[in-house]
Amino acid sequence: MAAIQITNIQKRYQSLQALGGVSLSIEEGEFFGLLGPNGAGKTTLISIIAGLNRADAGNVTVQGHDVVSDYRNARRNLGVVPQELVFDPFFTVRETLRMQSGYFGLRNNDKWIDEVMENLDLTNKADTNMRALSGGMKRRVLVAQALVHKPPVIVLDEPTAGVDVELRQTLWQFVARLNREGHTVVLTTHYLEEAQALCNRIAMLKSGKVVALDSTAALIKRISGSQLRVTLSAAGNVNLPGSLQSAVISHETPSDPRQFFLRVTDYGQVENMLADLRMAGCVLEDLQLLQADLEDVFLQIMEG
């Protein structure tokens with residue numbers, strides 16, 4: 001049984017087709033990435049999974065429970081960290097988490113609440129009123145609220161947007177631990193290095209459709225080999241020789257017309273490339289060998 005099964009989800013807002021038939025199966029225990037540019041439909045899809053929005057067509061199940069017809073069980077199995085900072089200004093952190101426990105019928109949940117607060121570095125803020133917290137601390141409380149009922153499926157919608165490095169590290173250590181213990185994690189983020197480091201499998205959305213779905217390693221392999229970044233000195237020829245034109249991956253950057261990115265499929269090619277540059281009268285100002293990463297794949301797919 002899939003942790004989340006998404007089948008042909010469609011959603012339109014007047015003339016905007018937000019989701020155009022999205023189908024995904026996220027397996028139990030996966031750390032799954034949902035990536036895409038702003039407006040791709042990620043938050044709309046998460047809202048439908050969470051029951052905050054209704055799809056025009058298709059269906060979603062969480063741990064086998066339909067999010068519409070069996071919404072109580074679907075929501076018990078799901079914890080969602082939203083993008084927006086939503087909080088009640090009249091309660092302390094501990095009171096907020098106790099109330100969240102109550103929504104799920106959990107009594108005497110203080111032991112787990114204490115553990116969640118400790119892992120998110122909220123213990124010293126337990127009795128602080130929510131309105132007195134910084135933005136980063138409020139973000140931590142949102143994460144704690146999503147985890148307070150120990151859901152088997154956790155959805156994180158841009159959880160580290162605009163927060164400090166310390167929170168990112170604290171959050172990822174805790175979430176990675178939960179994933180190792182069997183929790184399914186779905187992450188949307190614009191920090192692609194986070195997705196590459198954490199996610200086993202990734203789906204990319206563009207204009208409401210899935211345009212890529214594979215393991216992280218397989219997606220990165222779409223860009224074969226490495227890249228050689230060459231910056232030519234004005235002291236010599238600043239044009240690449242014809243023998244290297246077929247290896248050019250991208251045009252030179254507008255800010256530096258002497259910079260080129262060349263595809264390298266074998267390290268032995270580098271020596272030949274350097275020899276061709278010397279013969280053409282080019283003088284190197286800078287040279288760097290770059291490994292392809294998820295950002296390269298993302299840009300290639302979104303621009304394609």
# chains A, B, ... in the order shown; residues from 1 in each chain; ligands from 1

$ residues_around --residues "Gly242 of chain A" --least-positions-apart "3" --cutoff "12 Å" --atoms "only C-alpha atoms" --output "ChimeraX atom specification"
/A:239,245-248,273,276-277,279-280

$ write_last_selection --atoms "C-alpha atoms" --output "tab-separated table (two decimals), in the first residue's frame"
chain	number	residue	atom	x	y	z
A	239	ASN	CA	36.92	32.77	-28.71
A	245	GLN	CA	32.22	24.05	-30.12
A	246	SER	CA	30.43	20.67	-29.99
A	247	ALA	CA	31.31	20.35	-26.28
A	248	VAL	CA	29.68	23.65	-25.28
A	273	MET	CA	40.74	20.48	-24.49
A	276	ASP	CA	43.26	22.79	-28.28
A	277	LEU	CA	42.96	26.05	-26.33
A	279	MET	CA	46.95	25.92	-30.08
A	280	ALA	CA	44.17	28.46	-30.70

$ select_by_dssp --residues "segment 94-224 of chain A" --states "strand (DSSP E)" --output "MDAnalysis selection string"
chainID A and resid 153:157 184:188 201:206 209:215

$ residues_around --residues "Phe298 of chain A" --least-positions-apart "3" --cutoff "10 Å" --atoms "only C-alpha atoms" --output "list in words"
Leu35, Gly36, Pro37, Leu192, Met204, Ala212, Leu219, Ile220, Asp293, Leu294, Glu295, Ile301, Met302, Glu303 and Gly304 of chain A

$ write_last_selection --atoms "C-alpha atoms" --output "PDB file, in the first residue's frame"
ATOM      1  CA  LEU A  35      10.011  20.263  -6.898  1.00  0.00           C
ATOM      2  CA  GLY A  36       9.001  22.950  -9.339  1.00  0.00           C
ATOM      3  CA  PRO A  37       9.090  26.710  -9.952  1.00  0.00           C
ATOM      4  CA  LEU A 192      17.806  22.066  -4.392  1.00  0.00           C
ATOM      5  CA  MET A 204       9.230  17.752 -10.832  1.00  0.00           C
ATOM      6  CA  ALA A 212      10.102  14.260 -14.397  1.00  0.00           C
ATOM      7  CA  LEU A 219      17.800  12.295 -12.548  1.00  0.00           C
ATOM      8  CA  ILE A 220      21.338  13.589 -12.049  1.00  0.00           C
ATOM      9  CA  ASP A 293      23.953  18.258  -9.629  1.00  0.00           C
ATOM     10  CA  LEU A 294      20.200  18.435  -9.165  1.00  0.00           C
ATOM     11  CA  GLU A 295      20.146  22.150  -9.969  1.00  0.00           C
ATOM     12  CA  ILE A 301      14.037  20.233 -17.503  1.00  0.00           C
ATOM     13  CA  MET A 302      12.325  23.539 -16.751  1.00  0.00           C
ATOM     14  CA  GLU A 303      13.926  25.286 -19.709  1.00  0.00           C
ATOM     15  CA  GLY A 304      13.192  22.374 -22.051  1.00  0.00           C
TER      16      GLY A 304
END

$ residues_around --residues "segment 76-89 of chain A" --least-positions-apart "3" --cutoff "7 Å" --atoms "only C-alpha atoms" --output "VMD selection string"
chain A and resid 62 to 63 72 to 73 104 129 to 131 138 to 139 142 to 143 146 to 147 151 to 159

$ closest_residue --among "A:Cys199, A:Ala144, A:Ala3, A:Leu133" --to "Asp114 of chain A" --atoms "only C-alpha atoms"
A:Ala144

$ residues_around --residues "Ala292 of chain A" --least-positions-apart "4" --cutoff "12 Å" --atoms "only C-alpha atoms" --output "PDB file with C-alpha atoms, in the first residue's frame"
ATOM      1  CA  GLU A 193      20.915  21.043  -2.452  1.00  0.00           C
ATOM      2  CA  GLN A 196      19.558  16.287  -3.441  1.00  0.00           C
ATOM      3  CA  ALA A 217      20.638   9.567  -8.732  1.00  0.00           C
ATOM      4  CA  ALA A 218      18.914   8.696 -12.020  1.00  0.00           C
ATOM      5  CA  LEU A 219      17.800  12.295 -12.548  1.00  0.00           C
ATOM      6  CA  ILE A 220      21.338  13.589 -12.049  1.00  0.00           C
ATOM      7  CA  LYS A 221      22.613  11.032 -14.570  1.00  0.00           C
ATOM      8  CA  ARG A 222      20.450  12.727 -17.191  1.00  0.00           C
ATOM      9  CA  ILE A 223      23.296  15.207 -17.452  1.00  0.00           C
ATOM     10  CA  SER A 224      26.084  12.853 -18.363  1.00  0.00           C
ATOM     11  CA  GLY A 225      29.587  13.457 -17.149  1.00  0.00           C
ATOM     12  CA  SER A 226      30.989  16.642 -15.665  1.00  0.00           C
ATOM     13  CA  GLN A 227      31.324  20.236 -16.769  1.00  0.00           C
ATOM     14  CA  LEU A 228      34.506  22.175 -17.352  1.00  0.00           C
ATOM     15  CA  ARG A 229      34.119  25.882 -16.641  1.00  0.00           C
ATOM     16  CA  ILE A 249      26.815  23.023 -22.826  1.00  0.00           C
ATOM     17  CA  PHE A 261      30.841  25.556 -19.870  1.00  0.00           C
ATOM     18  CA  LEU A 262      32.064  22.450 -21.684  1.00  0.00           C
ATOM     19  CA  ARG A 263      30.766  18.887 -21.340  1.00  0.00           C
ATOM     20  CA  VAL A 264      33.331  16.350 -20.139  1.00  0.00           C
ATOM     21  CA  THR A 265      32.457  12.646 -20.381  1.00  0.00           C
ATOM     22  CA  ASP A 296      21.592  21.428 -13.423  1.00  0.00           C
ATOM     23  CA  VAL A 297      18.873  18.822 -14.014  1.00  0.00           C
ATOM     24  CA  PHE A 298      16.133  21.138 -12.733  1.00  0.00           C
ATOM     25  CA  LEU A 299      17.193  24.008 -14.996  1.00  0.00           C
ATOM     26  CA  GLN A 300      17.533  21.702 -17.991  1.00  0.00           C
TER      27      GLN A 300
END

$ residues_around --residues "Leu16 of chain A" --least-positions-apart "3" --cutoff "10 Å" --atoms "only C-alpha atoms" --output "list in words"
Lys11, Arg12, Tyr13, Leu19, Ser207 and Gly208 of chain A

$ write_last_selection --atoms "C-alpha atoms" --output "mmCIF file, in the first residue's frame"
data_model
loop_
_atom_site.group_PDB
_atom_site.id
_atom_site.type_symbol
_atom_site.label_atom_id
_atom_site.label_comp_id
_atom_site.auth_asym_id
_atom_site.auth_seq_id
_atom_site.Cartn_x
_atom_site.Cartn_y
_atom_site.Cartn_z
ATOM 1 C CA LYS A 11 -7.746 21.503 -10.396
ATOM 2 C CA ARG A 12 -8.748 24.683 -12.203
ATOM 3 C CA TYR A 13 -9.125 28.221 -10.852
ATOM 4 C CA LEU A 19 -3.120 20.840 -11.915
ATOM 5 C CA SER A 207 2.563 24.156 -15.202
ATOM 6 C CA GLY A 208 0.525 21.646 -13.235
#

$ select_by_dssp --residues "segment 37-242 of chain A" --states "alpha helix (DSSP H)" --output "VMD selection string"
chain A and resid 42 to 49 71 to 76 93 to 103 110 to 119 135 to 147 165 to 180 192 to 198 216 to 220

$ residues_around --residues "segment 117-123 of chain A" --least-positions-apart "5" --cutoff "12 Å" --atoms "only C-alpha atoms" --output "ChimeraX atom specification"
/A:92-94,96-98,110-112,128,130,133-134,136-145,147-148,166-178

$ decode --residues "segment 142-164 of chain A" --atoms "N, CA and C atoms" --output "PDB file, in the first residue's frame"
ATOM      1  N   LEU A 142       5.452  25.394  14.050  1.00  0.00           N
ATOM      2  CA  LEU A 142       4.639  24.809  12.977  1.00  0.00           C
ATOM      3  C   LEU A 142       5.064  23.368  12.704  1.00  0.00           C
ATOM      4  N   VAL A 143       6.373  23.144  12.693  1.00  0.00           N
ATOM      5  CA  VAL A 143       6.879  21.784  12.485  1.00  0.00           C
ATOM      6  C   VAL A 143       6.444  20.888  13.644  1.00  0.00           C
ATOM      7  N   ALA A 144       6.568  21.398  14.869  1.00  0.00           N
ATOM      8  CA  ALA A 144       6.172  20.628  16.043  1.00  0.00           C
ATOM      9  C   ALA A 144       4.690  20.278  15.997  1.00  0.00           C
ATOM     10  N   GLN A 145       3.851  21.228  15.576  1.00  0.00           N
ATOM     11  CA  GLN A 145       2.415  20.972  15.475  1.00  0.00           C
ATOM     12  C   GLN A 145       2.122  19.835  14.496  1.00  0.00           C
ATOM     13  N   ALA A 146       2.862  19.789  13.392  1.00  0.00           N
ATOM     14  CA  ALA A 146       2.634  18.747  12.392  1.00  0.00           C
ATOM     15  C   ALA A 146       3.043  17.368  12.904  1.00  0.00           C
ATOM     16  N   LEU A 147       3.961  17.346  13.879  1.00  0.00           N
ATOM     17  CA  LEU A 147       4.502  16.064  14.363  1.00  0.00           C
ATOM     18  C   LEU A 147       3.879  15.604  15.674  1.00  0.00           C
ATOM     19  N   VAL A 148       3.031  16.430  16.284  1.00  0.00           N
ATOM     20  CA  VAL A 148       2.606  16.181  17.657  1.00  0.00           C
ATOM     21  C   VAL A 148       1.757  14.911  17.793  1.00  0.00           C
ATOM     22  N   HIS A 149       1.096  14.472  16.715  1.00  0.00           N
ATOM     23  CA  HIS A 149       0.280  13.256  16.790  1.00  0.00           C
ATOM     24  C   HIS A 149       0.980  12.048  16.150  1.00  0.00           C
ATOM     25  N   LYS A 150       2.305  12.164  15.960  1.00  0.00           N
ATOM     26  CA  LYS A 150       3.126  11.081  15.414  1.00  0.00           C
ATOM     27  C   LYS A 150       2.559  10.523  14.100  1.00  0.00           C
ATOM     28  N   PRO A 151       2.338  11.371  13.114  1.00  0.00           N
ATOM     29  CA  PRO A 151       1.751  10.875  11.859  1.00  0.00           C
ATOM     30  C   PRO A 151       2.744  10.019  11.084  1.00  0.00           C
ATOM     31  N   PRO A 152       2.291   8.946  10.449  1.00  0.00           N
ATOM     32  CA  PRO A 152       3.198   8.128   9.628  1.00  0.00           C
ATOM     33  C   PRO A 152       3.644   8.833   8.348  1.00  0.00           C
ATOM     34  N   VAL A 153       2.872   9.854   7.907  1.00  0.00           N
ATOM     35  CA  VAL A 153       3.202  10.598   6.694  1.00  0.00           C
ATOM     36  C   VAL A 153       3.352  12.071   7.046  1.00  0.00           C
ATOM     37  N   ILE A 154       4.498  12.656   6.684  1.00  0.00           N
ATOM     38  CA  ILE A 154       4.805  14.044   7.007  1.00  0.00           C
ATOM     39  C   ILE A 154       5.037  14.804   5.697  1.00  0.00           C
ATOM     40  N   VAL A 155       4.331  15.924   5.528  1.00  0.00           N
ATOM     41  CA  VAL A 155       4.490  16.758   4.337  1.00  0.00           C
ATOM     42  C   VAL A 155       5.053  18.108   4.765  1.00  0.00           C
ATOM     43  N   LEU A 156       6.187  18.478   4.189  1.00  0.00           N
ATOM     44  CA  LEU A 156       6.875  19.725   4.537  1.00  0.00           C
ATOM     45  C   LEU A 156       6.859  20.646   3.321  1.00  0.00           C
ATOM     46  N   ASP A 157       6.072  21.709   3.399  1.00  0.00           N
ATOM     47  CA  ASP A 157       5.944  22.648   2.281  1.00  0.00           C
ATOM     48  C   ASP A 157       6.835  23.861   2.548  1.00  0.00           C
ATOM     49  N   GLU A 158       7.985  23.892   1.916  1.00  0.00           N
ATOM     50  CA  GLU A 158       8.973  24.968   2.097  1.00  0.00           C
ATOM     51  C   GLU A 158       9.261  25.215   3.583  1.00  0.00           C
ATOM     52  N   PRO A 159       9.665  24.189   4.332  1.00  0.00           N
ATOM     53  CA  PRO A 159       9.811  24.352   5.783  1.00  0.00           C
ATOM     54  C   PRO A 159      10.973  25.237   6.206  1.00  0.00           C
ATOM     55  N   THR A 160      11.967  25.423   5.332  1.00  0.00           N
ATOM     56  CA  THR A 160      13.135  26.215   5.723  1.00  0.00           C
ATOM     57  C   THR A 160      13.216  27.544   4.980  1.00  0.00           C
ATOM     58  N   ALA A 161      12.107  27.969   4.380  1.00  0.00           N
ATOM     59  CA  ALA A 161      12.106  29.240   3.646  1.00  0.00           C
ATOM     60  C   ALA A 161      12.347  30.406   4.603  1.00  0.00           C
ATOM     61  N   GLY A 162      13.417  31.139   4.362  1.00  0.00           N
ATOM     62  CA  GLY A 162      13.696  32.334   5.139  1.00  0.00           C
ATOM     63  C   GLY A 162      14.135  32.096   6.568  1.00  0.00           C
ATOM     64  N   VAL A 163      14.655  30.922   6.874  1.00  0.00           N
ATOM     65  CA  VAL A 163      15.096  30.656   8.247  1.00  0.00           C
ATOM     66  C   VAL A 163      16.612  30.446   8.268  1.00  0.00           C
ATOM     67  N   ASP A 164      17.151  30.477   9.491  1.00  0.00           N
ATOM     68  CA  ASP A 164      18.603  30.433   9.619  1.00  0.00           C
ATOM     69  C   ASP A 164      19.157  29.015   9.436  1.00  0.00           C
TER      70      ASP A 164
END
